[in-house]
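Raw contents of structure_20.pdb, PDB, C-alpha atoms:
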```
ATOM      1  CA  MET H   1     -24.042  -9.662   3.592  1.00  0.00           C
ATOM      2  CA  CYS H   2     -26.273 -12.718   3.276  1.00  0.00           C
ATOM      3  CA  ASN H   3     -24.760 -16.165   3.361  1.00  0.00           C
ATOM      4  CA  PHE H   4     -26.390 -17.489   0.229  1.00  0.00           C
ATOM      5  CA  GLY H   5     -26.740 -16.294  -3.355  1.00  0.00           C
ATOM      6  CA  ALA H   6     -25.186 -13.230  -4.904  1.00  0.00           C
ATOM      7  CA  MET H   7     -25.293  -9.637  -3.781  1.00  0.00           C
ATOM      8  CA  LEU H   8     -25.027  -6.855  -6.353  1.00  0.00           C
ATOM      9  CA  VAL H   9     -22.489  -4.311  -5.130  1.00  0.00           C
ATOM     10  CA  LYS H  10     -21.590  -0.905  -6.532  1.00  0.00           C
ATOM     11  CA  THR H  11     -18.399   0.401  -4.991  1.00  0.00           C
ATOM     12  CA  GLU H  12     -15.196   2.319  -5.500  1.00  0.00           C
ATOM     13  CA  ALA H  13     -12.131   0.093  -5.916  1.00  0.00           C
ATOM     14  CA  ILE H  14      -8.356   0.264  -6.130  1.00  0.00           C
ATOM     15  CA  VAL H  15      -6.564  -2.232  -8.375  1.00  0.00           C
ATOM     16  CA  LEU H  16      -3.734  -4.006  -6.527  1.00  0.00           C
ATOM     17  CA  HIS H  17      -2.549  -6.600  -9.029  1.00  0.00           C
ATOM     18  CA  SER H  18      -3.537  -8.325 -12.251  1.00  0.00           C
ATOM     19  CA  PHE H  19      -2.156 -11.142 -14.358  1.00  0.00           C
ATOM     20  CA  LYS H  20      -3.197 -13.038 -17.459  1.00  0.00           C
ATOM     21  CA  PHE H  21      -4.818 -16.423 -16.849  1.00  0.00           C
ATOM     22  CA  GLY H  22      -4.990 -18.608 -19.930  1.00  0.00           C
ATOM     23  CA  GLU H  23      -5.653 -16.941 -23.265  1.00  0.00           C
ATOM     24  CA  SER H  24      -8.839 -15.102 -22.491  1.00  0.00           C
ATOM     25  CA  ARG H  25      -8.976 -13.980 -18.861  1.00  0.00           C
ATOM     26  CA  LEU H  26      -7.346 -11.652 -16.364  1.00  0.00           C
ATOM     27  CA  ILE H  27      -7.216 -12.391 -12.656  1.00  0.00           C
ATOM     28  CA  VAL H  28      -7.504  -9.041 -10.889  1.00  0.00           C
ATOM     29  CA  GLU H  29      -7.102  -8.277  -7.188  1.00  0.00           C
ATOM     30  CA  MET H  30      -8.852  -5.155  -5.894  1.00  0.00           C
ATOM     31  CA  PHE H  31      -9.411  -3.446  -2.573  1.00  0.00           C
ATOM     32  CA  THR H  32     -12.937  -2.043  -2.483  1.00  0.00           C
ATOM     33  CA  ARG H  33     -14.565   0.519  -0.224  1.00  0.00           C
ATOM     34  CA  GLU H  34     -17.699  -1.514   0.516  1.00  0.00           C
ATOM     35  CA  VAL H  35     -16.556  -5.156   0.573  1.00  0.00           C
ATOM     36  CA  GLY H  36     -12.817  -5.074   1.258  1.00  0.00           C
ATOM     37  CA  ARG H  37     -10.473  -7.196  -0.830  1.00  0.00           C
ATOM     38  CA  LEU H  38     -11.927  -9.123  -3.771  1.00  0.00           C
ATOM     39  CA  SER H  39     -10.542 -11.267  -6.591  1.00  0.00           C
ATOM     40  CA  PHE H  40     -12.086 -11.214 -10.057  1.00  0.00           C
ATOM     41  CA  ALA H  41     -11.884 -13.351 -13.192  1.00  0.00           C
ATOM     42  CA  ILE H  42     -12.341 -10.883 -16.042  1.00  0.00           C
ATOM     43  CA  PRO H  43     -12.646 -11.796 -19.730  1.00  0.00           C
ATOM     44  CA  ILE H  44     -10.096  -9.989 -21.890  1.00  0.00           C
ATOM     45  CA  PRO H  45     -11.963  -7.937 -24.495  1.00  0.00           C
ATOM     46  CA  LYS H  46     -11.283  -9.033 -28.067  1.00  0.00           C
ATOM     47  CA  THR H  47     -11.735  -5.511 -29.453  1.00  0.00           C
ATOM     48  CA  SER H  48     -11.108  -1.971 -28.208  1.00  0.00           C
ATOM     49  CA  LYS H  49     -14.885  -1.513 -27.982  1.00  0.00           C
ATOM     50  CA  GLY H  50     -15.192  -3.978 -25.100  1.00  0.00           C
ATOM     51  CA  LYS H  51     -16.827  -2.638 -21.925  1.00  0.00           C
ATOM     52  CA  LEU H  52     -14.079  -3.883 -19.578  1.00  0.00           C
ATOM     53  CA  LYS H  53     -10.904  -2.421 -21.048  1.00  0.00           C
ATOM     54  CA  LYS H  54      -7.545  -3.965 -20.164  1.00  0.00           C
ATOM     55  CA  GLN H  55      -6.030  -0.605 -19.203  1.00  0.00           C
ATOM     56  CA  TYR H  56      -8.551  -0.318 -16.363  1.00  0.00           C
ATOM     57  CA  PHE H  57      -6.648  -2.983 -14.451  1.00  0.00           C
ATOM     58  CA  GLN H  58      -3.204  -1.380 -14.146  1.00  0.00           C
ATOM     59  CA  PRO H  59      -1.822  -1.229 -10.554  1.00  0.00           C
ATOM     60  CA  MET H  60      -3.433   1.432  -8.329  1.00  0.00           C
ATOM     61  CA  THR H  61      -6.034   2.463 -10.913  1.00  0.00           C
ATOM     62  CA  LEU H  62      -9.017   4.065  -9.164  1.00  0.00           C
ATOM     63  CA  LEU H  63     -12.265   2.509 -10.402  1.00  0.00           C
ATOM     64  CA  GLU H  64     -15.966   2.520  -9.820  1.00  0.00           C
ATOM     65  CA  ILE H  65     -17.234  -1.036 -10.258  1.00  0.00           C
ATOM     66  CA  GLU H  66     -20.411  -3.091 -10.213  1.00  0.00           C
ATOM     67  CA  CYS H  67     -20.068  -6.744  -9.285  1.00  0.00           C
ATOM     68  CA  ASP H  68     -21.855  -9.842  -8.059  1.00  0.00           C
ATOM     69  CA  VAL H  69     -20.348 -10.879  -4.737  1.00  0.00           C
ATOM     70  CA  ARG H  70     -20.746 -14.447  -3.499  1.00  0.00           C
ATOM     71  CA  GLN H  71     -19.282 -15.221  -0.088  1.00  0.00           C
ATOM     72  CA  ARG H  72     -18.128 -18.733  -0.861  1.00  0.00           C
ATOM     73  CA  THR H  73     -16.758 -17.921  -4.323  1.00  0.00           C
ATOM     74  CA  GLN H  74     -13.044 -17.271  -4.726  1.00  0.00           C
ATOM     75  CA  LEU H  75     -13.282 -15.384  -8.032  1.00  0.00           C
ATOM     76  CA  GLN H  76     -16.086 -12.837  -8.254  1.00  0.00           C
ATOM     77  CA  LYS H  77     -17.858 -11.651 -11.404  1.00  0.00           C
ATOM     78  CA  LEU H  78     -17.275  -8.068 -12.528  1.00  0.00           C
ATOM     79  CA  LYS H  79     -20.309  -6.689 -14.355  1.00  0.00           C
ATOM     80  CA  ASP H  80     -19.085  -3.163 -15.092  1.00  0.00           C
ATOM     81  CA  ALA H  81     -16.149  -0.840 -14.415  1.00  0.00           C
ATOM     82  CA  ARG H  82     -15.173   2.705 -15.213  1.00  0.00           C
ATOM     83  CA  ILE H  83     -12.305   4.992 -14.300  1.00  0.00           C
ATOM     84  CA  LEU H  84     -13.304   6.909 -11.188  1.00  0.00           C
ATOM     85  CA  THR H  85     -10.434   9.399 -11.271  1.00  0.00           C
ATOM     86  CA  ALA H  86      -7.821   9.375 -14.029  1.00  0.00           C
ATOM     87  CA  TYR H  87      -4.231  10.092 -13.015  1.00  0.00           C
ATOM     88  CA  THR H  88      -2.821  13.156 -14.759  1.00  0.00           C
ATOM     89  CA  SER H  89       0.879  12.884 -13.847  1.00  0.00           C
ATOM     90  CA  ILE H  90       1.688   9.399 -12.523  1.00  0.00           C
ATOM     91  CA  PRO H  91       1.706   7.612 -15.935  1.00  0.00           C
ATOM     92  CA  PHE H  92       4.109  10.221 -17.339  1.00  0.00           C
ATOM     93  CA  SER H  93       6.587  10.425 -14.434  1.00  0.00           C
ATOM     94  CA  PRO H  94       9.135   7.584 -14.078  1.00  0.00           C
ATOM     95  CA  GLU H  95       9.616   8.483 -10.389  1.00  0.00           C
ATOM     96  CA  LYS H  96       5.922   8.557  -9.555  1.00  0.00           C
ATOM     97  CA  LEU H  97       5.325   5.391 -11.573  1.00  0.00           C
ATOM     98  CA  ALA H  98       8.051   3.551  -9.635  1.00  0.00           C
ATOM     99  CA  ILE H  99       6.496   4.713  -6.343  1.00  0.00           C
ATOM    100  CA  THR H 100       3.049   3.598  -7.535  1.00  0.00           C
ATOM    101  CA  LEU H 101       4.213   0.116  -8.567  1.00  0.00           C
ATOM    102  CA  PHE H 102       5.991  -0.283  -5.226  1.00  0.00           C
ATOM    103  CA  THR H 103       2.856   0.843  -3.358  1.00  0.00           C
ATOM    104  CA  ALA H 104       0.709  -1.627  -5.302  1.00  0.00           C
ATOM    105  CA  GLU H 105       3.050  -4.552  -4.611  1.00  0.00           C
ATOM    106  CA  PHE H 106       3.240  -3.602  -0.944  1.00  0.00           C
ATOM    107  CA  LEU H 107      -0.562  -3.417  -0.596  1.00  0.00           C
ATOM    108  CA  TYR H 108      -1.052  -6.678  -2.506  1.00  0.00           C
ATOM    109  CA  HIS H 109       0.833  -8.467   0.280  1.00  0.00           C
ATOM    110  CA  ALA H 110      -0.183  -6.259   3.227  1.00  0.00           C
ATOM    111  CA  LEU H 111      -3.952  -6.418   2.593  1.00  0.00           C
ATOM    112  CA  ARG H 112      -4.258 -10.176   2.229  1.00  0.00           C
ATOM    113  CA  SER H 113      -7.528 -10.633   4.095  1.00  0.00           C
ATOM    114  CA  GLU H 114      -8.752  -7.105   4.741  1.00  0.00           C
ATOM    115  CA  GLN H 115     -12.493  -6.724   5.189  1.00  0.00           C
ATOM    116  CA  GLN H 116     -14.501  -3.547   4.678  1.00  0.00           C
ATOM    117  CA  ASP H 117     -12.606  -0.593   6.135  1.00  0.00           C
ATOM    118  CA  HIS H 118     -13.779   2.806   4.930  1.00  0.00           C
ATOM    119  CA  LEU H 119     -11.007   4.704   6.717  1.00  0.00           C
ATOM    120  CA  LEU H 120      -8.267   2.496   5.262  1.00  0.00           C
ATOM    121  CA  PHE H 121      -9.745   2.766   1.779  1.00  0.00           C
ATOM    122  CA  ALA H 122      -9.941   6.556   2.091  1.00  0.00           C
ATOM    123  CA  TYR H 123      -6.328   6.704   3.295  1.00  0.00           C
ATOM    124  CA  ILE H 124      -5.043   4.772   0.255  1.00  0.00           C
ATOM    125  CA  PHE H 125      -7.321   6.618  -2.178  1.00  0.00           C
ATOM    126  CA  ASN H 126      -6.429  10.082  -0.849  1.00  0.00           C
ATOM    127  CA  SER H 127      -2.717   9.225  -0.726  1.00  0.00           C
ATOM    128  CA  MET H 128      -2.682   8.350  -4.414  1.00  0.00           C
ATOM    129  CA  GLN H 129      -4.607  11.513  -5.251  1.00  0.00           C
ATOM    130  CA  TRP H 130      -2.015  13.528  -3.322  1.00  0.00           C
ATOM    131  CA  LEU H 131       0.880  11.852  -5.156  1.00  0.00           C
ATOM    132  CA  ASP H 132      -0.714  12.486  -8.544  1.00  0.00           C
ATOM    133  CA  ALA H 133      -1.289  16.170  -7.773  1.00  0.00           C
ATOM    134  CA  ALA H 134       2.125  16.891  -6.191  1.00  0.00           C
ATOM    135  CA  PRO H 135       4.419  18.833  -8.550  1.00  0.00           C
ATOM    136  CA  THR H 136       7.495  18.317  -6.328  1.00  0.00           C
ATOM    137  CA  GLY H 137       8.439  17.243  -2.822  1.00  0.00           C
ATOM    138  CA  TYR H 138       7.259  13.631  -3.007  1.00  0.00           C
ATOM    139  CA  ALA H 139      10.580  11.783  -2.592  1.00  0.00           C
ATOM    140  CA  ASN H 140       9.524  10.623   0.899  1.00  0.00           C
ATOM    141  CA  PHE H 141       6.032   9.529  -0.168  1.00  0.00           C
ATOM    142  CA  HIS H 142       6.651   5.787   0.186  1.00  0.00           C
ATOM    143  CA  LEU H 143       8.218   6.229   3.638  1.00  0.00           C
ATOM    144  CA  THR H 144       5.304   8.299   4.919  1.00  0.00           C
ATOM    145  CA  PHE H 145       2.755   5.955   3.355  1.00  0.00           C
ATOM    146  CA  LEU H 146       4.277   2.839   4.957  1.00  0.00           C
ATOM    147  CA  MET H 147       4.647   4.474   8.349  1.00  0.00           C
ATOM    148  CA  HIS H 148       1.004   5.516   8.563  1.00  0.00           C
ATOM    149  CA  MET H 149      -0.318   2.245   7.097  1.00  0.00           C
ATOM    150  CA  SER H 150       0.764   0.464  10.286  1.00  0.00           C
ATOM    151  CA  ARG H 151      -1.893   2.464  12.153  1.00  0.00           C
ATOM    152  CA  PHE H 152      -4.652   0.763  10.127  1.00  0.00           C
ATOM    153  CA  LEU H 153      -3.109  -2.710  10.431  1.00  0.00           C
ATOM    154  CA  GLY H 154      -2.779  -2.625  14.207  1.00  0.00           C
ATOM    155  CA  PHE H 155       0.917  -2.152  14.981  1.00  0.00           C
ATOM    156  CA  TYR H 156       1.522   1.592  14.950  1.00  0.00           C
ATOM    157  CA  PRO H 157       3.914   2.426  17.806  1.00  0.00           C
ATOM    158  CA  ASN H 158       2.941   4.682  20.701  1.00  0.00           C
ATOM    159  CA  LEU H 159       5.171   7.682  20.046  1.00  0.00           C
ATOM    160  CA  ASP H 160       4.448   9.101  23.515  1.00  0.00           C
ATOM    161  CA  ASP H 161       6.531   6.251  24.969  1.00  0.00           C
ATOM    162  CA  TYR H 162       9.709   7.596  23.368  1.00  0.00           C
ATOM    163  CA  THR H 163      12.462   8.838  25.678  1.00  0.00           C
ATOM    164  CA  GLU H 164      15.941   9.998  24.718  1.00  0.00           C
ATOM    165  CA  GLY H 165      18.409   7.103  24.456  1.00  0.00           C
ATOM    166  CA  CYS H 166      15.864   4.280  24.173  1.00  0.00           C
ATOM    167  CA  ILE H 167      15.794   1.587  21.507  1.00  0.00           C
ATOM    168  CA  PHE H 168      12.868   0.690  19.243  1.00  0.00           C
ATOM    169  CA  ASN H 169      11.814  -2.952  19.463  1.00  0.00           C
ATOM    170  CA  LEU H 170      10.604  -3.951  15.988  1.00  0.00           C
ATOM    171  CA  ARG H 171       8.899  -7.114  17.233  1.00  0.00           C
ATOM    172  CA  THR H 172       6.819  -5.481  19.972  1.00  0.00           C
ATOM    173  CA  ALA H 173       6.463  -2.098  18.211  1.00  0.00           C
ATOM    174  CA  THR H 174       7.543  -0.317  21.386  1.00  0.00           C
ATOM    175  CA  PHE H 175      10.221   2.116  22.523  1.00  0.00           C
ATOM    176  CA  SER H 176      12.150   0.722  25.470  1.00  0.00           C
ATOM    177  CA  GLN H 177      15.236   1.185  27.607  1.00  0.00           C
ATOM    178  CA  GLN H 178      15.672  -2.595  27.728  1.00  0.00           C
ATOM    179  CA  VAL H 179      17.728  -4.140  24.920  1.00  0.00           C
ATOM    180  CA  PRO H 180      16.277  -7.522  23.833  1.00  0.00           C
ATOM    181  CA  THR H 181      18.333 -10.661  23.301  1.00  0.00           C
ATOM    182  CA  TYR H 182      17.366 -10.793  19.601  1.00  0.00           C
ATOM    183  CA  ARG H 183      18.487  -8.461  16.819  1.00  0.00           C
ATOM    184  CA  ASP H 184      15.122  -7.056  15.733  1.00  0.00           C
ATOM    185  CA  PHE H 185      15.531  -3.623  17.275  1.00  0.00           C
ATOM    186  CA  LEU H 186      16.905  -0.201  16.353  1.00  0.00           C
ATOM    187  CA  GLN H 187      19.748   1.453  18.194  1.00  0.00           C
ATOM    188  CA  PRO H 188      18.981   4.800  19.927  1.00  0.00           C
ATOM    189  CA  ASP H 189      20.096   6.995  17.008  1.00  0.00           C
ATOM    190  CA  GLU H 190      17.789   5.179  14.544  1.00  0.00           C
ATOM    191  CA  ALA H 191      15.000   4.889  17.137  1.00  0.00           C
ATOM    192  CA  ARG H 192      15.084   8.670  17.487  1.00  0.00           C
ATOM    193  CA  MET H 193      14.884   9.040  13.701  1.00  0.00           C
ATOM    194  CA  ILE H 194      11.926   6.658  13.465  1.00  0.00           C
ATOM    195  CA  GLN H 195       9.872   8.448  16.114  1.00  0.00           C
ATOM    196  CA  LEU H 196      10.590  11.743  14.384  1.00  0.00           C
ATOM    197  CA  LEU H 197       9.675  10.462  10.917  1.00  0.00           C
ATOM    198  CA  MET H 198       6.495   8.801  12.234  1.00  0.00           C
ATOM    199  CA  ARG H 199       5.183  12.305  12.886  1.00  0.00           C
ATOM    200  CA  MET H 200       5.577  13.535   9.305  1.00  0.00           C
ATOM    201  CA  ASP H 201       2.741  13.654   6.796  1.00  0.00           C
ATOM    202  CA  PHE H 202       2.466  14.334   3.069  1.00  0.00           C
ATOM    203  CA  PRO H 203       2.321  18.161   3.291  1.00  0.00           C
ATOM    204  CA  THR H 204       5.350  18.364   5.627  1.00  0.00           C
ATOM    205  CA  MET H 205       7.512  15.447   4.477  1.00  0.00           C
ATOM    206  CA  HIS H 206       9.533  17.627   2.068  1.00  0.00           C
ATOM    207  CA  LEU H 207      10.945  19.396   5.128  1.00  0.00           C
ATOM    208  CA  PHE H 208      12.777  16.182   6.095  1.00  0.00           C
ATOM    209  CA  ARG H 209      16.015  16.343   4.118  1.00  0.00           C
ATOM    210  CA  LEU H 210      17.159  12.748   3.719  1.00  0.00           C
ATOM    211  CA  SER H 211      20.139  11.450   1.789  1.00  0.00           C
ATOM    212  CA  HIS H 212      19.752   8.622  -0.706  1.00  0.00           C
ATOM    213  CA  GLN H 213      21.407   6.263   1.791  1.00  0.00           C
ATOM    214  CA  GLU H 214      19.166   7.380   4.681  1.00  0.00           C
ATOM    215  CA  ARG H 215      16.004   6.991   2.627  1.00  0.00           C
ATOM    216  CA  ASN H 216      16.976   3.463   1.555  1.00  0.00           C
ATOM    217  CA  ARG H 217      17.868   2.491   5.107  1.00  0.00           C
ATOM    218  CA  ILE H 218      14.483   3.691   6.354  1.00  0.00           C
ATOM    219  CA  VAL H 219      12.529   1.741   3.739  1.00  0.00           C
ATOM    220  CA  ASP H 220      14.578  -1.375   4.560  1.00  0.00           C
ATOM    221  CA  VAL H 221      13.700  -0.973   8.248  1.00  0.00           C
ATOM    222  CA  LEU H 222      10.021  -0.417   7.489  1.00  0.00           C
ATOM    223  CA  LEU H 223       9.793  -3.500   5.294  1.00  0.00           C
ATOM    224  CA  GLN H 224      11.543  -5.544   7.988  1.00  0.00           C
ATOM    225  CA  TYR H 225       8.951  -4.174  10.424  1.00  0.00           C
ATOM    226  CA  TYR H 226       6.094  -5.351   8.197  1.00  0.00           C
ATOM    227  CA  ARG H 227       7.687  -8.777   7.706  1.00  0.00           C
ATOM    228  CA  LEU H 228       7.768  -9.206  11.481  1.00  0.00           C
ATOM    229  CA  HIS H 229       4.085  -8.312  11.884  1.00  0.00           C
ATOM    230  CA  ILE H 230       2.470  -9.841   8.775  1.00  0.00           C
ATOM    231  CA  PRO H 231       2.949 -13.608   8.337  1.00  0.00           C
ATOM    232  CA  GLN H 232       4.734 -14.614   5.113  1.00  0.00           C
ATOM    233  CA  PHE H 233       5.243 -11.015   3.992  1.00  0.00           C
ATOM    234  CA  PRO H 234       7.835 -11.447   1.208  1.00  0.00           C
ATOM    235  CA  GLU H 235      10.768  -9.503  -0.172  1.00  0.00           C
ATOM    236  CA  LEU H 236       9.313  -6.987  -2.615  1.00  0.00           C
ATOM    237  CA  LYS H 237      10.558  -7.150  -6.195  1.00  0.00           C
ATOM    238  CA  SER H 238       9.894  -3.471  -6.942  1.00  0.00           C
ATOM    239  CA  ILE H 239      12.113  -2.164  -4.141  1.00  0.00           C
ATOM    240  CA  SER H 240      15.295  -2.344  -6.227  1.00  0.00           C
ATOM    241  CA  VAL H 241      13.906   0.142  -8.776  1.00  0.00           C
ATOM    242  CA  LEU H 242      12.653   2.456  -6.071  1.00  0.00           C
ATOM    243  CA  GLN H 243      15.976   2.507  -4.254  1.00  0.00           C
ATOM    244  CA  GLU H 244      17.773   3.737  -7.392  1.00  0.00           C
ATOM    245  CA  LEU H 245      15.725   6.947  -7.437  1.00  0.00           C
ATOM    246  CA  TRP H 246      16.927  10.306  -6.155  1.00  0.00           C
ATOM    247  CA  MET H 247      20.609   9.391  -6.215  1.00  0.00           C
TER     248      MET H 247
END
```
Represent the structure from my file as C-alpha cells, please.
Amino acid sequence: MCNFGAMLVKTEAIVLHSFKFGESRLIVEMFTREVGRLSFAIPIPKTSKGKLKKQYFQPMTLLEIECDVRQRTQLQKLKDARILTAYTSIPFSPEKLAITLFTAEFLYHALRSEQQDHLLFAYIFNSMQWLDAAPTGYANFHLTFLMHMSRFLGFYPNLDDYTEGCIFNLRTATFSQQVPTYRDFLQPDEARMIQLLMRMDFPTMHLFRLSHQERNRIVDVLLQYYRLHIPQFPELKSISVLQELWM
C-alpha cells in the first residue's frame, strides 16, 4: 500500500462491531481479507432505498465491500457494500445468535491491530459458515473456535509437550512438570482436559460430551488465557448469556 493518497480496495469483510455516532452516522469495525482491520464512518440512510443499509452492519455479517483506504486516516470511507453470504439459520436461532454475538465481541477485542491475514480471515469466515449450516451438535462451537484462534495469534500450545500428570502454565502456554509460584496454571486433571479439547474440531466436537458446568469452566479458562496474552483484553459482556445456554 502506498503511503500517500487513497487506495481503492474491493474485499470481503466481516463486521465485528457497530454503534451510532451522532444522529446520522454509524461507526463500524470490520475485519477484511485484503487490508486487515478497518474502521468506517458510515452515513445512516434516511430511507429504505439507501445503498448502505443499516442491517448490513450487524455483528458477524459477511460482506463484500468497496472502500477508499488511507493509511493515516482513522475512519475510512465505505463506497459500497453488499451481503456476500446471507445466514439462513443464525438470525432465527437464539442459541446460534448468542454464540455469534459472543464471537463478535471476542474478535472485536482480540483483533485490535490485525493486519492482512488471509488464513485468519478464512478461518473466521469458514467457521461462521459452518455454524450457520449445522443443524445440531454445535454446543461446543465457541470452545473450539477460541482454542484454534490462539494458533493465529501466536500462543497456541505445543500439544506434543504434554505428559501425564503435568500442569498447563497459562502464562507461558506450555505443559510442564514444574508448578509456578503464581496461580495462572491448570492442575493436572484440567491440563489433561485442555490438551484433549485442543485436538477437537467442528466436525468432531459433538463427540465431546460436556456438562453445562464443564463447558462454562472451559470458556472461563480460555478467556483467562486470552487476557494473559492480549494486553487490556476485558471481561466480555456477552458471556453471561452464553453461559446460560444448554442447561
Anything within 12 Å of (15.9, 2.1, 4.4): list those residues as a PyMOL selection string, counting all atoms listed in the file and sticking to the file's coordinates.
-> chain H and resi 140+142-143+146+190+193-194+210-225+239-240+242-243
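Residue neighbourhood of H:Ser89, excluding near-sequence residues (fewer than 4 positions): H:Ser93, H:Pro94, H:Glu95, H:Lys96, H:Leu97, H:Thr100, H:Met128, H:Gln129, H:Trp130, H:Leu131, H:Asp132, H:Ala133, H:Ala134, H:Pro135, H:Thr136, at 12 Å, using only C-alpha atoms.
When all atoms listed in the file are used to compute distances to H:Arg199, the closest of the residues H:Thr163, H:Ser238, H:Thr144, H:Thr174 turns out to be H:Thr144.
Distances from H:Asp80, H:Ala98, H:Thr61, H:Thr172 to H:Phe155 were compared using only C-alpha atoms, and the smallest one belongs to H:Thr172.
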Expanded to explicit residues, what is the PyMOL selection byres ((chain H and resi 106) around 10) for this file, as a VMD selection string?
-> chain H and resid 16 100 to 105 107 to 111 146 223 226 233 to 239
Expected selection from the PyMOL selection byres ((chain H and resi 27-41) around 6), given as a PDB file with C-alpha atoms, keeping the file's coordinate frame:
```pdb
ATOM      1  CA  THR H  11     -18.399   0.401  -4.991  1.00  0.00           C
ATOM      2  CA  GLU H  12     -15.196   2.319  -5.500  1.00  0.00           C
ATOM      3  CA  ALA H  13     -12.131   0.093  -5.916  1.00  0.00           C
ATOM      4  CA  ILE H  14      -8.356   0.264  -6.130  1.00  0.00           C
ATOM      5  CA  VAL H  15      -6.564  -2.232  -8.375  1.00  0.00           C
ATOM      6  CA  LEU H  16      -3.734  -4.006  -6.527  1.00  0.00           C
ATOM      7  CA  HIS H  17      -2.549  -6.600  -9.029  1.00  0.00           C
ATOM      8  CA  SER H  18      -3.537  -8.325 -12.251  1.00  0.00           C
ATOM      9  CA  PHE H  19      -2.156 -11.142 -14.358  1.00  0.00           C
ATOM     10  CA  LEU H  26      -7.346 -11.652 -16.364  1.00  0.00           C
ATOM     11  CA  ILE H  42     -12.341 -10.883 -16.042  1.00  0.00           C
ATOM     12  CA  LEU H  75     -13.282 -15.384  -8.032  1.00  0.00           C
ATOM     13  CA  GLN H  76     -16.086 -12.837  -8.254  1.00  0.00           C
ATOM     14  CA  LYS H  77     -17.858 -11.651 -11.404  1.00  0.00           C
ATOM     15  CA  GLU H 114      -8.752  -7.105   4.741  1.00  0.00           C
ATOM     16  CA  GLN H 115     -12.493  -6.724   5.189  1.00  0.00           C
ATOM     17  CA  GLN H 116     -14.501  -3.547   4.678  1.00  0.00           C
ATOM     18  CA  HIS H 118     -13.779   2.806   4.930  1.00  0.00           C
ATOM     19  CA  PHE H 121      -9.745   2.766   1.779  1.00  0.00           C
TER      20      PHE H 121
END
```
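Compared by their closest atoms to H:Arg171, and using all atoms listed in the file, the residues H:Phe141, H:His229, H:Pro188, H:Arg209 rank with H:His229 nearest.
Using the PyMOL selection byres ((chain H and resi 206) around 8) on the file at hand returns these residues: Gly137, Tyr138, Ala139, Asn140, Phe202, Pro203, Thr204, Met205, Leu207, Phe208 and Arg209 of chain H.
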Atom-to-atom span, atom CA of H:Cys67 and atom CA of H:Arg82, Å = 12.2 Å
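Put simply, atom CA of H:Phe175 is 24.8 Å away from atom CA of H:Gln232.
Taking only C-alpha atoms into account, H:Met60 lies nearest to H:Ser127 out of the set H:Leu120, H:Ser127, H:Ser24, H:Ala6.
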Rank H:Arg192, H:Arg227, H:Lys20, H:Arg72 by their smallest atom-to-atom distance to H:Lys54, using only C-alpha atoms, and report the top residue only.
-> H:Lys20
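Across the model, the gap from atom CA of H:Ala191 to atom CA of H:Leu159 is 10.6 Å.
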Quick one: residues within 8 Å of H:Ile167, all atoms listed in the file counted, chain neighbours fewer than 4 positions away excluded, as number ranges by chain?
-> H: 175-179, 185-188, 191
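All protein and nucleic acid residues in the vicinity of (-7.9, 8.5, -8.6), that is within 6 Å when counting only C-alpha atoms, are H:Leu62, H:Thr85, H:Ala86, H:Tyr87, H:Gln129.
Nearest-residue note for H:Leu119: choosing from H:Met149, H:Pro91, H:Leu8, H:Pro45, the minimum distance belongs to H:Met149, counting only C-alpha atoms.
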